[in-house]
$ cat input-v7.pdb   # PDB, C-alpha atoms
ATOM      1  CA  MET C   1     240.743 141.297  51.293
ATOM      2  CA  ALA C   2     236.964 141.008  51.589
ATOM      3  CA  ASP C   3     236.886 137.387  52.760
ATOM      4  CA  ARG C   4     239.308 137.384  55.678
ATOM      5  CA  LEU C   5     236.685 136.064  58.119
ATOM      6  CA  THR C   6     234.864 133.666  55.802
ATOM      7  CA  GLY C   7     233.710 130.556  57.649
ATOM      8  CA  ASN C   8     233.860 132.216  61.071
ATOM      9  CA  ARG C   9     230.705 132.739  63.086
ATOM     10  CA  ILE C  10     231.100 135.898  65.170
ATOM     11  CA  LEU C  11     228.775 136.785  68.046
ATOM     12  CA  ILE C  12     228.230 140.496  68.665
ATOM     13  CA  LEU C  13     226.170 141.907  71.502
ATOM     14  CA  GLU C  14     224.229 144.730  69.980
ATOM     15  CA  THR C  15     224.229 148.078  71.727
ATOM     16  CA  ARG C  16     224.112 151.593  70.306
ATOM     17  CA  GLU C  17     226.089 151.366  67.083
ATOM     18  CA  GLU C  18     226.613 147.666  66.486
ATOM     19  CA  ALA C  19     224.810 147.819  63.135
ATOM     20  CA  GLN C  20     227.954 149.377  61.681
ATOM     21  CA  PHE C  21     230.115 146.716  63.355
ATOM     22  CA  SER C  22     227.924 143.964  61.911
ATOM     23  CA  ARG C  23     228.197 145.454  58.422
ATOM     24  CA  LEU C  24     231.990 145.621  58.633
ATOM     25  CA  LEU C  25     232.197 142.002  59.768
ATOM     26  CA  VAL C  26     229.876 140.805  57.001
ATOM     27  CA  GLU C  27     232.013 142.681  54.466
ATOM     28  CA  GLN C  28     234.919 140.527  55.646
ATOM     29  CA  GLY C  29     232.935 137.353  55.041
ATOM     30  CA  ALA C  30     231.892 136.604  58.637
ATOM     31  CA  ASP C  31     228.657 134.870  59.576
ATOM     32  CA  VAL C  32     227.464 137.386  62.195
ATOM     33  CA  LEU C  33     225.244 136.271  65.055
ATOM     34  CA  GLN C  34     223.549 139.393  66.406
ATOM     35  CA  CYS C  35     222.276 139.433  69.985
ATOM     36  CA  PRO C  36     220.279 142.556  70.938
ATOM     37  CA  MET C  37     221.120 143.297  74.573
ATOM     38  CA  PHE C  38     218.590 146.030  75.265
ATOM     39  CA  THR C  39     216.457 148.605  73.592
ATOM     40  CA  ILE C  40     217.025 152.339  73.858
ATOM     41  CA  GLN C  41     214.107 154.528  74.837
ATOM     42  CA  ASP C  42     213.618 158.222  75.379
ATOM     43  CA  ALA C  43     213.780 159.321  79.001
ATOM     44  CA  PRO C  44     210.326 158.757  80.532
ATOM     45  CA  ASP C  45     210.030 162.368  81.724
ATOM     46  CA  PRO C  46     210.856 164.846  78.938
ATOM     47  CA  ALA C  47     210.476 167.934  81.137
ATOM     48  CA  PRO C  48     214.068 167.987  82.551
ATOM     49  CA  ILE C  49     215.483 167.499  79.049
ATOM     50  CA  GLU C  50     213.383 170.309  77.591
ATOM     51  CA  ALA C  51     214.453 172.566  80.482
ATOM     52  CA  TRP C  52     218.142 171.714  79.891
ATOM     53  CA  ILE C  53     217.788 172.525  76.192
ATOM     54  CA  ARG C  54     216.146 175.879  76.930
ATOM     55  CA  ARG C  55     218.836 176.752  79.499
ATOM     56  CA  GLY C  56     221.459 175.974  76.874
ATOM     57  CA  ILE C  57     219.749 178.304  74.412
ATOM     58  CA  ASP C  58     219.079 181.158  76.857
ATOM     59  CA  ARG C  59     222.621 181.040  78.258
ATOM     60  CA  PRO C  60     224.877 179.041  75.936
ATOM     61  CA  PHE C  61     227.325 176.784  77.744
ATOM     62  CA  ASP C  62     230.992 177.725  77.825
ATOM     63  CA  ASP C  63     231.844 174.040  77.437
ATOM     64  CA  LEU C  64     229.844 171.007  76.363
ATOM     65  CA  VAL C  65     230.818 167.384  77.034
ATOM     66  CA  LEU C  66     229.109 164.781  74.849
ATOM     67  CA  MET C  67     229.490 161.222  76.106
ATOM     68  CA  THR C  68     227.632 159.422  73.294
ATOM     69  CA  GLY C  69     226.419 160.070  69.786
ATOM     70  CA  GLU C  70     223.086 158.502  70.751
ATOM     71  CA  GLY C  71     222.693 161.130  73.458
ATOM     72  CA  LEU C  72     223.072 164.061  71.079
ATOM     73  CA  ARG C  73     220.704 162.491  68.557
ATOM     74  CA  ARG C  74     218.097 161.943  71.280
ATOM     75  CA  LEU C  75     218.506 165.549  72.379
ATOM     76  CA  MET C  76     217.951 166.685  68.812
ATOM     77  CA  THR C  77     214.704 164.698  68.664
ATOM     78  CA  VAL C  78     213.409 166.748  71.592
ATOM     79  CA  VAL C  79     214.860 169.951  70.147
ATOM     80  CA  ARG C  80     212.942 169.442  66.899
ATOM     81  CA  ARG C  81     209.767 168.475  68.703
ATOM     82  CA  ILE C  82     209.721 171.736  70.664
ATOM     83  CA  GLY C  83     210.697 173.758  67.580
ATOM     84  CA  VAL C  84     214.046 175.269  68.606
ATOM     85  CA  GLU C  85     216.474 173.524  66.239
ATOM     86  CA  ALA C  86     218.142 176.624  64.780
ATOM     87  CA  GLU C  87     218.522 178.261  68.193
ATOM     88  CA  PHE C  88     219.948 175.139  69.811
ATOM     89  CA  ILE C  89     222.483 174.466  67.061
ATOM     90  CA  ALA C  90     223.582 178.113  67.212
ATOM     91  CA  ALA C  91     224.057 177.773  70.983
ATOM     92  CA  LEU C  92     226.079 174.571  70.532
ATOM     93  CA  GLY C  93     228.271 176.420  68.076
ATOM     94  CA  GLN C  94     229.302 178.864  70.808
ATOM     95  CA  ALA C  95     230.463 176.170  73.232
ATOM     96  CA  ARG C  96     233.837 174.458  73.308
ATOM     97  CA  LYS C  97     232.862 170.869  72.600
ATOM     98  CA  PHE C  98     234.545 167.826  74.182
ATOM     99  CA  THR C  99     233.622 164.341  72.938
ATOM    100  CA  ARG C 100     234.187 160.915  74.490
ATOM    101  CA  GLY C 101     235.722 159.165  71.505
ATOM    102  CA  PRO C 102     234.715 159.533  67.852
ATOM    103  CA  LYS C 103     231.001 158.644  67.958
ATOM    104  CA  PRO C 104     229.717 161.929  69.458
ATOM    105  CA  GLY C 105     231.905 163.752  66.941
ATOM    106  CA  ARG C 106     230.053 162.028  64.111
ATOM    107  CA  ALA C 107     226.731 163.119  65.619
ATOM    108  CA  LEU C 108     228.003 166.715  65.830
ATOM    109  CA  ARG C 109     229.033 166.661  62.178
ATOM    110  CA  GLU C 110     225.474 165.700  61.257
ATOM    111  CA  LEU C 111     224.586 169.177  62.570
ATOM    112  CA  GLY C 112     227.412 170.915  60.731
ATOM    113  CA  LEU C 113     229.513 171.247  63.894
ATOM    114  CA  GLU C 114     232.920 169.934  64.946
ATOM    115  CA  PRO C 115     234.305 168.871  68.324
ATOM    116  CA  GLN C 116     237.215 170.946  69.551
ATOM    117  CA  VAL C 117     238.667 168.156  71.717
ATOM    118  CA  THR C 118     238.229 164.361  71.525
ATOM    119  CA  THR C 119     239.403 162.129  74.347
ATOM    120  CA  GLU C 120     242.258 159.755  73.652
ATOM    121  CA  LYS C 121     240.622 157.282  76.051
ATOM    122  CA  PRO C 122     236.916 156.885  75.193
ATOM    123  CA  THR C 123     235.845 156.300  78.806
ATOM    124  CA  SER C 124     234.365 158.377  81.617
ATOM    125  CA  GLU C 125     237.746 158.190  83.334
ATOM    126  CA  GLY C 126     239.384 159.423  80.144
ATOM    127  CA  VAL C 127     236.987 162.368  80.037
ATOM    128  CA  ALA C 128     237.728 163.232  83.672
ATOM    129  CA  GLU C 129     241.474 163.029  83.049
ATOM    130  CA  LEU C 130     241.182 165.245  79.973
ATOM    131  CA  LEU C 131     239.053 167.927  81.629
ATOM    132  CA  SER C 132     241.386 168.087  84.631
ATOM    133  CA  ARG C 133     244.010 169.615  82.301
ATOM    134  CA  TYR C 134     241.812 172.631  81.502
ATOM    135  CA  ASP C 135     241.079 175.772  83.489
ATOM    136  CA  LEU C 136     237.307 175.535  83.824
ATOM    137  CA  ALA C 137     236.903 177.839  86.824
ATOM    138  CA  GLY C 138     233.696 179.834  86.483
ATOM    139  CA  HIS C 139     232.632 178.009  83.321
ATOM    140  CA  ARG C 140     229.119 176.695  82.731
ATOM    141  CA  LEU C 141     229.573 173.161  81.453
ATOM    142  CA  GLY C 142     226.810 171.108  79.862
ATOM    143  CA  LEU C 143     227.290 167.379  80.380
ATOM    144  CA  GLN C 144     225.352 164.790  78.368
ATOM    145  CA  LEU C 145     225.307 161.508  80.285
ATOM    146  CA  TYR C 146     224.396 157.922  79.357
ATOM    147  CA  PRO C 147     222.434 155.312  81.362
ATOM    148  CA  ASP C 148     223.537 152.466  83.614
ATOM    149  CA  LYS C 149     226.616 154.132  85.053
ATOM    150  CA  ASP C 150     227.301 156.083  88.217
ATOM    151  CA  HIS C 151     228.616 159.412  86.939
ATOM    152  CA  SER C 152     229.169 160.988  90.376
ATOM    153  CA  ALA C 153     232.965 160.644  90.154
ATOM    154  CA  LEU C 154     233.059 162.400  86.781
ATOM    155  CA  ILE C 155     230.759 165.197  87.953
ATOM    156  CA  GLY C 156     232.792 165.596  91.129
ATOM    157  CA  THR C 157     236.040 165.851  89.152
ATOM    158  CA  ILE C 158     234.593 168.561  86.922
ATOM    159  CA  GLU C 159     233.145 170.489  89.859
ATOM    160  CA  ALA C 160     236.550 170.349  91.538
ATOM    161  CA  THR C 161     237.907 172.461  88.670
ATOM    162  CA  GLY C 162     235.509 175.248  89.649
ATOM    163  CA  ALA C 163     233.038 174.654  86.825
ATOM    164  CA  GLU C 164     229.263 174.725  87.208
ATOM    165  CA  VAL C 165     228.057 171.377  85.834
ATOM    166  CA  ASP C 166     224.625 171.079  84.215
ATOM    167  CA  PRO C 167     223.994 167.373  83.394
ATOM    168  CA  VAL C 168     221.297 165.839  81.203
ATOM    169  CA  LEU C 169     220.338 162.184  80.634
ATOM    170  CA  PRO C 170     218.288 162.030  77.423
ATOM    171  CA  TYR C 171     217.652 158.268  77.145
ATOM    172  CA  VAL C 172     217.304 155.052  79.121
ATOM    173  CA  TYR C 173     217.895 151.356  78.499
ATOM    174  CA  ASP C 174     215.248 148.629  78.613
ATOM    175  CA  ALA C 175     217.390 145.597  79.327
ATOM    176  CA  LYS C 176     214.958 142.936  80.538
ATOM    177  CA  ALA C 177     213.245 142.702  77.173
ATOM    178  CA  ALA C 178     216.423 141.196  75.706
ATOM    179  CA  ASP C 179     217.162 138.536  78.345
ATOM    180  CA  ALA C 180     215.887 135.752  76.077
ATOM    181  CA  ASN C 181     218.304 136.844  73.324
ATOM    182  CA  ILE C 182     221.236 136.642  75.709
ATOM    183  CA  LEU C 183     220.234 133.208  77.010
ATOM    184  CA  THR C 184     220.039 131.946  73.410
ATOM    185  CA  ALA C 185     223.511 133.357  72.704
ATOM    186  CA  ILE C 186     224.860 131.570  75.798
ATOM    187  CA  ASP C 187     223.371 128.302  74.516
ATOM    188  CA  GLU C 188     224.985 128.829  71.101
ATOM    189  CA  MET C 189     228.421 129.334  72.671
ATOM    190  CA  THR C 190     227.990 126.364  74.988
ATOM    191  CA  ALA C 191     227.078 124.181  72.016
ATOM    192  CA  GLY C 192     230.296 125.216  70.261
ATOM    193  CA  LYS C 193     228.444 127.022  67.482
ATOM    194  CA  VAL C 194     230.333 130.332  67.830
ATOM    195  CA  ASP C 195     233.946 130.873  66.756
ATOM    196  CA  ALA C 196     234.445 134.234  68.495
ATOM    197  CA  ILE C 197     232.593 136.787  70.584
ATOM    198  CA  ALA C 198     233.569 140.386  69.825
ATOM    199  CA  LEU C 199     233.149 142.800  72.750
ATOM    200  CA  THR C 200     233.182 146.552  72.123
ATOM    201  CA  SER C 201     232.040 148.000  75.458
ATOM    202  CA  SER C 202     232.532 147.108  79.118
ATOM    203  CA  GLY C 203     228.777 146.928  79.595
ATOM    204  CA  GLN C 204     228.557 143.883  77.333
ATOM    205  CA  PRO C 205     230.402 141.304  79.480
ATOM    206  CA  ARG C 206     228.818 142.850  82.575
ATOM    207  CA  ARG C 207     225.368 142.366  81.072
ATOM    208  CA  LEU C 208     226.163 138.793  80.020
ATOM    209  CA  PHE C 209     227.064 137.839  83.575
ATOM    210  CA  ASP C 210     224.167 139.772  85.129
ATOM    211  CA  VAL C 211     221.653 137.887  82.984
ATOM    212  CA  ALA C 212     223.400 134.549  83.492
ATOM    213  CA  LYS C 213     223.355 134.998  87.279
ATOM    214  CA  ALA C 214     219.717 136.118  87.267
ATOM    215  CA  HIS C 215     218.701 132.977  85.387
ATOM    216  CA  GLY C 216     221.032 130.571  87.187
ATOM    217  CA  VAL C 217     223.181 129.748  84.149
ATOM    218  CA  GLU C 218     226.509 131.363  85.034
ATOM    219  CA  ASP C 219     228.258 127.977  84.814
ATOM    220  CA  ARG C 220     226.872 127.511  81.285
ATOM    221  CA  LEU C 221     228.078 130.975  80.332
ATOM    222  CA  ARG C 222     231.581 130.197  81.564
ATOM    223  CA  GLN C 223     231.543 126.892  79.679
ATOM    224  CA  GLY C 224     230.459 128.716  76.538
ATOM    225  CA  LEU C 225     233.127 131.385  76.868
ATOM    226  CA  ALA C 226     235.745 128.688  77.437
ATOM    227  CA  ARG C 227     234.798 127.211  74.040
ATOM    228  CA  THR C 228     234.694 130.583  72.287
ATOM    229  CA  THR C 229     237.547 132.904  71.298
ATOM    230  CA  ILE C 230     237.086 136.221  73.115
ATOM    231  CA  ALA C 231     237.986 139.446  71.288
ATOM    232  CA  SER C 232     238.200 142.750  73.207
ATOM    233  CA  VAL C 233     238.256 146.170  71.572
ATOM    234  CA  GLY C 234     240.484 147.676  74.259
ATOM    235  CA  PRO C 235     241.628 147.970  77.887
ATOM    236  CA  VAL C 236     238.294 149.011  79.419
ATOM    237  CA  VAL C 237     236.601 145.875  78.106
ATOM    238  CA  THR C 238     239.638 143.790  79.069
ATOM    239  CA  GLU C 239     239.488 145.138  82.638
ATOM    240  CA  GLU C 240     235.820 144.209  82.885
ATOM    241  CA  LEU C 241     236.602 140.712  81.606
ATOM    242  CA  ALA C 242     239.371 140.412  84.187
ATOM    243  CA  SER C 243     236.865 141.183  86.942
ATOM    244  CA  HIS C 244     235.117 137.956  85.875
ATOM    245  CA  GLY C 245     238.361 135.978  85.704
ATOM    246  CA  LEU C 246     238.599 136.095  81.911
ATOM    247  CA  THR C 247     241.334 137.160  79.496
ATOM    248  CA  PRO C 248     240.671 137.941  75.825
ATOM    249  CA  SER C 249     242.615 136.049  73.168
ATOM    250  CA  ILE C 250     242.331 138.891  70.642
ATOM    251  CA  VAL C 251     242.952 142.618  71.110
ATOM    252  CA  PRO C 252     243.880 145.285  68.533
ATOM    253  CA  THR C 253     247.530 146.242  68.258
ATOM    254  CA  GLY C 254     249.050 149.693  68.655
ATOM    255  CA  GLU C 255     246.438 151.073  71.076
ATOM    256  CA  ALA C 256     243.943 151.362  68.197
ATOM    257  CA  TYR C 257     240.782 150.755  70.189
ATOM    258  CA  PHE C 258     238.224 150.885  67.395
ATOM    259  CA  MET C 259     236.101 148.484  65.345
ATOM    260  CA  LYS C 260     238.262 148.220  62.227
ATOM    261  CA  PRO C 261     241.512 147.409  64.093
ATOM    262  CA  LEU C 262     239.578 144.851  66.147
ATOM    263  CA  ILE C 263     238.305 143.213  62.966
ATOM    264  CA  SER C 264     241.842 143.133  61.553
ATOM    265  CA  ALA C 265     243.113 141.486  64.730
ATOM    266  CA  MET C 266     240.307 138.927  64.565
ATOM    267  CA  ALA C 267     241.050 138.137  60.913
ATOM    268  CA  THR C 268     244.702 137.533  61.761
ATOM    269  CA  ALA C 269     243.972 135.389  64.808
ATOM    270  CA  LEU C 270     241.235 133.304  63.182
ATOM    271  CA  ARG C 271     243.037 132.778  59.879
ATOM    272  CA  GLY C 272     243.304 129.115  58.943
ATOM    273  CA  LYS C 273     240.313 127.879  60.922
ATOM    274  CA  PRO C 274     238.249 125.350  58.945
ATOM    275  CA  PRO C 275     235.116 126.908  57.388
ATOM    276  CA  ARG C 276     231.900 126.638  59.393
ATOM    277  CA  PRO C 277     228.602 126.306  57.505
ATOM    278  CA  ALA C 278     226.397 129.388  57.946
ATOM    279  CA  THR C 279     223.400 128.783  60.180
ATOM    280  CA  ASN C 280     220.081 130.454  60.857
ATOM    281  CA  GLN C 281     219.316 131.103  64.483
ATOM    282  CA  PRO C 282     215.829 130.958  66.016
ATOM    283  CA  GLY C 283     214.651 133.498  68.557
ATOM    284  CA  GLY C 284     215.900 137.032  69.055
ATOM    285  CA  THR C 285     219.425 136.368  67.849
ATOM    286  CA  GLN C 286     219.989 136.182  64.135
ATOM    287  CA  SER C 287     222.772 135.274  61.752
ATOM    288  CA  LYS C 288     223.746 137.499  58.847
TER
END

$ encode --input "input-v7.pdb" --output "structure tokens"
Amino acid sequence: MADRLTGNRILILETREEAQFSRLLVEQGADVLQCPMFTIQDAPDPAPIEAWIRRGIDRPFDDLVLMTGEGLRRLMTVVRRIGVEAEFIAALGQARKFTRGPKPGRALRELGLEPQVTTEKPTSEGVAELLSRYDLAGHRLGLQLYPDKDHSALIGTIEATGAEVDPVLPYVYDAKAADANILTAIDEMTAGKVDAIALTSSGQPRRLFDVAKAHGVEDRLRQGLARTTIASVGPVVTEELASHGLTPSIVPTGEAYFMKPLISAMATALRGKPPRPATNQPGGTQSK
């Protein structure tokens, strides 16, 4: 059914791969309100990334842990710029590749490669738990990180296995540029103009509250969320919501913590709501 969400205005907080999420929602008839939360930029100093790439070519890693698809794609931008694409892909092919969820696996397949192991829990804690089951003593392990998270616990867990960890952080977030978008989204929820907010990463509710506190509108945010159905993709997001005293009304069933099951759960929960006229939104947010 291609119209299961018709008449529902869904707010999504855009991060790395929300364009796909938006498309899936629109295919189900939703009026999608997109709120860019930050922009992604290359790391300001390319030298450490270039050095990591060359180390990986000169001495291919025994194991490689990819935390995000964005990270691998950003690495490949540098790889192509310095003219070592064939050598780097060949080196990646020699490593046993672990991915945090399905998104890094998709980025690997763009290079003609496959992950050997994908975490059941697409979180840093899930990665740490997975790697603790393997004998990594004496292994050189390349670790692609992502911004805005303290990865010391993950690195410490891997080092405790006896592995030599070589981390790289290929991109950064520019969050302040999107504050105005978030404030507009808060106003839309407070005005009762949003049927549901769909959260797909723990950083999204955290960012909402950080911006609201910085601008003195946390009470307005809580009022808006009280008027808006909250949908969570899985337990990591739900835990973050709980830290703010919130509980989602919609979660996927059967431990299927992905976009399509979340959309199915939303369609079921929102079925029967009276249609809402589509609206155009001024500012950084936009309806589709």

$ closest_atom_pairs --input "input-v7.pdb" --of "segment 60-137 of chain C" --to "segment 234-238 of chain C" --cutoff "12 Å" --atoms "only C-alpha atoms" --output "tab-separated table"
residue	atom	partner	partner_atom	distance
C:Lys121	CA	C:Val236	CA	9.2
C:Pro122	CA	C:Val236	CA	9.0
C:Thr123	CA	C:Val236	CA	7.7
C:Ser124	CA	C:Val236	CA	10.4
C:Glu125	CA	C:Val236	CA	10.0
C:Gly126	CA	C:Val236	CA	10.5

$ write_last_selection --input "input-v7.pdb" --atoms "C-alpha atoms" --output "CSV table (one decimal), in the frame of the given file"
chain,number,residue,atom,x,y,z
C,121,LYS,CA,240.6,157.3,76.1
C,122,PRO,CA,236.9,156.9,75.2
C,123,THR,CA,235.8,156.3,78.8
C,124,SER,CA,234.4,158.4,81.6
C,125,GLU,CA,237.7,158.2,83.3
C,126,GLY,CA,239.4,159.4,80.1

$ residues_around --input "input-v7.pdb" --residues "Leu131 of chain C" --least-positions-apart "5" --cutoff "10 Å" --atoms "only C-alpha atoms" --output "ChimeraX atom specification"
/C:65,98,117,119,125-126,136,154,157-158,161

$ closest_residue --input "input-v7.pdb" --among "C:Phe21, C:Phe258, C:Phe61, C:Tyr173" --to "Lys97 of chain C" --atoms "only C-alpha atoms"
C:Phe61

$ resolve_selection --input "input-v7.pdb" --expression "the PyMOL selection byres ((chain C and resi 79-82) around 12)" --output "ChimeraX atom specification"
/C:46-47,49-54,56-57,72-78,83-89,170

$ resolve_selection --input "input-v7.pdb" --expression "the PyMOL selection byres ((chain C and resi 112) around 12)" --output "number ranges by chain"
C: 86, 89-90, 92-93, 105-111, 113-115

$ write_last_selection --input "input-v7.pdb" --atoms "C-alpha atoms" --output "compact mmCIF listing (two decimals), in the frame of the given file"
# COMPACT_ATOMS: atom_id res chain seq x y z
CA ALA C 86 218.14 176.62 64.78
CA ILE C 89 222.48 174.47 67.06
CA ALA C 90 223.58 178.11 67.21
CA LEU C 92 226.08 174.57 70.53
CA GLY C 93 228.27 176.42 68.08
CA GLY C 105 231.90 163.75 66.94
CA ARG C 106 230.05 162.03 64.11
CA ALA C 107 226.73 163.12 65.62
CA LEU C 108 228.00 166.72 65.83
CA ARG C 109 229.03 166.66 62.18
CA GLU C 110 225.47 165.70 61.26
CA LEU C 111 224.59 169.18 62.57
CA LEU C 113 229.51 171.25 63.89
CA GLU C 114 232.92 169.93 64.95
CA PRO C 115 234.30 168.87 68.32

$ residues_around --input "input-v7.pdb" --residues "Glu164 of chain C" --least-positions-apart "2" --cutoff "8 Å" --atoms "only C-alpha atoms" --output "ChimeraX atom specification"
/C:138-141,159,162,166

$ resolve_selection --input "input-v7.pdb" --expression "the PyMOL selection byres ((chain C and resi 265) around 9)" --output "compact mmCIF listing (two decimals) with C-alpha atoms, in the coordinates of the input"
# COMPACT_ATOMS: atom_id res chain seq x y z
CA ALA C 231 237.99 139.45 71.29
CA ILE C 250 242.33 138.89 70.64
CA VAL C 251 242.95 142.62 71.11
CA PRO C 252 243.88 145.28 68.53
CA THR C 253 247.53 146.24 68.26
CA LYS C 260 238.26 148.22 62.23
CA PRO C 261 241.51 147.41 64.09
CA LEU C 262 239.58 144.85 66.15
CA ILE C 263 238.30 143.21 62.97
CA SER C 264 241.84 143.13 61.55
CA MET C 266 240.31 138.93 64.56
CA ALA C 267 241.05 138.14 60.91
CA THR C 268 244.70 137.53 61.76
CA ALA C 269 243.97 135.39 64.81
CA LEU C 270 241.24 133.30 63.18

$ closest_residue --input "input-v7.pdb" --among "C:Gln144, C:Thr247, C:Gln34, C:Thr184" --to "Ile12 of chain C" --atoms "all atoms listed in the file"
C:Gln34

$ residues_around --input "input-v7.pdb" --residues "Gln223 of chain C" --least-positions-apart "2" --cutoff "10 Å" --atoms "only C-alpha atoms" --output "VMD selection string"
chain C and resid 186 to 187 189 to 192 217 to 221 225 to 228

$ atom_distance --input "input-v7.pdb" --atom1 "atom CA of Ala137 of chain C" --atom2 "atom CA of Ala95 of chain C"
15.1 Å
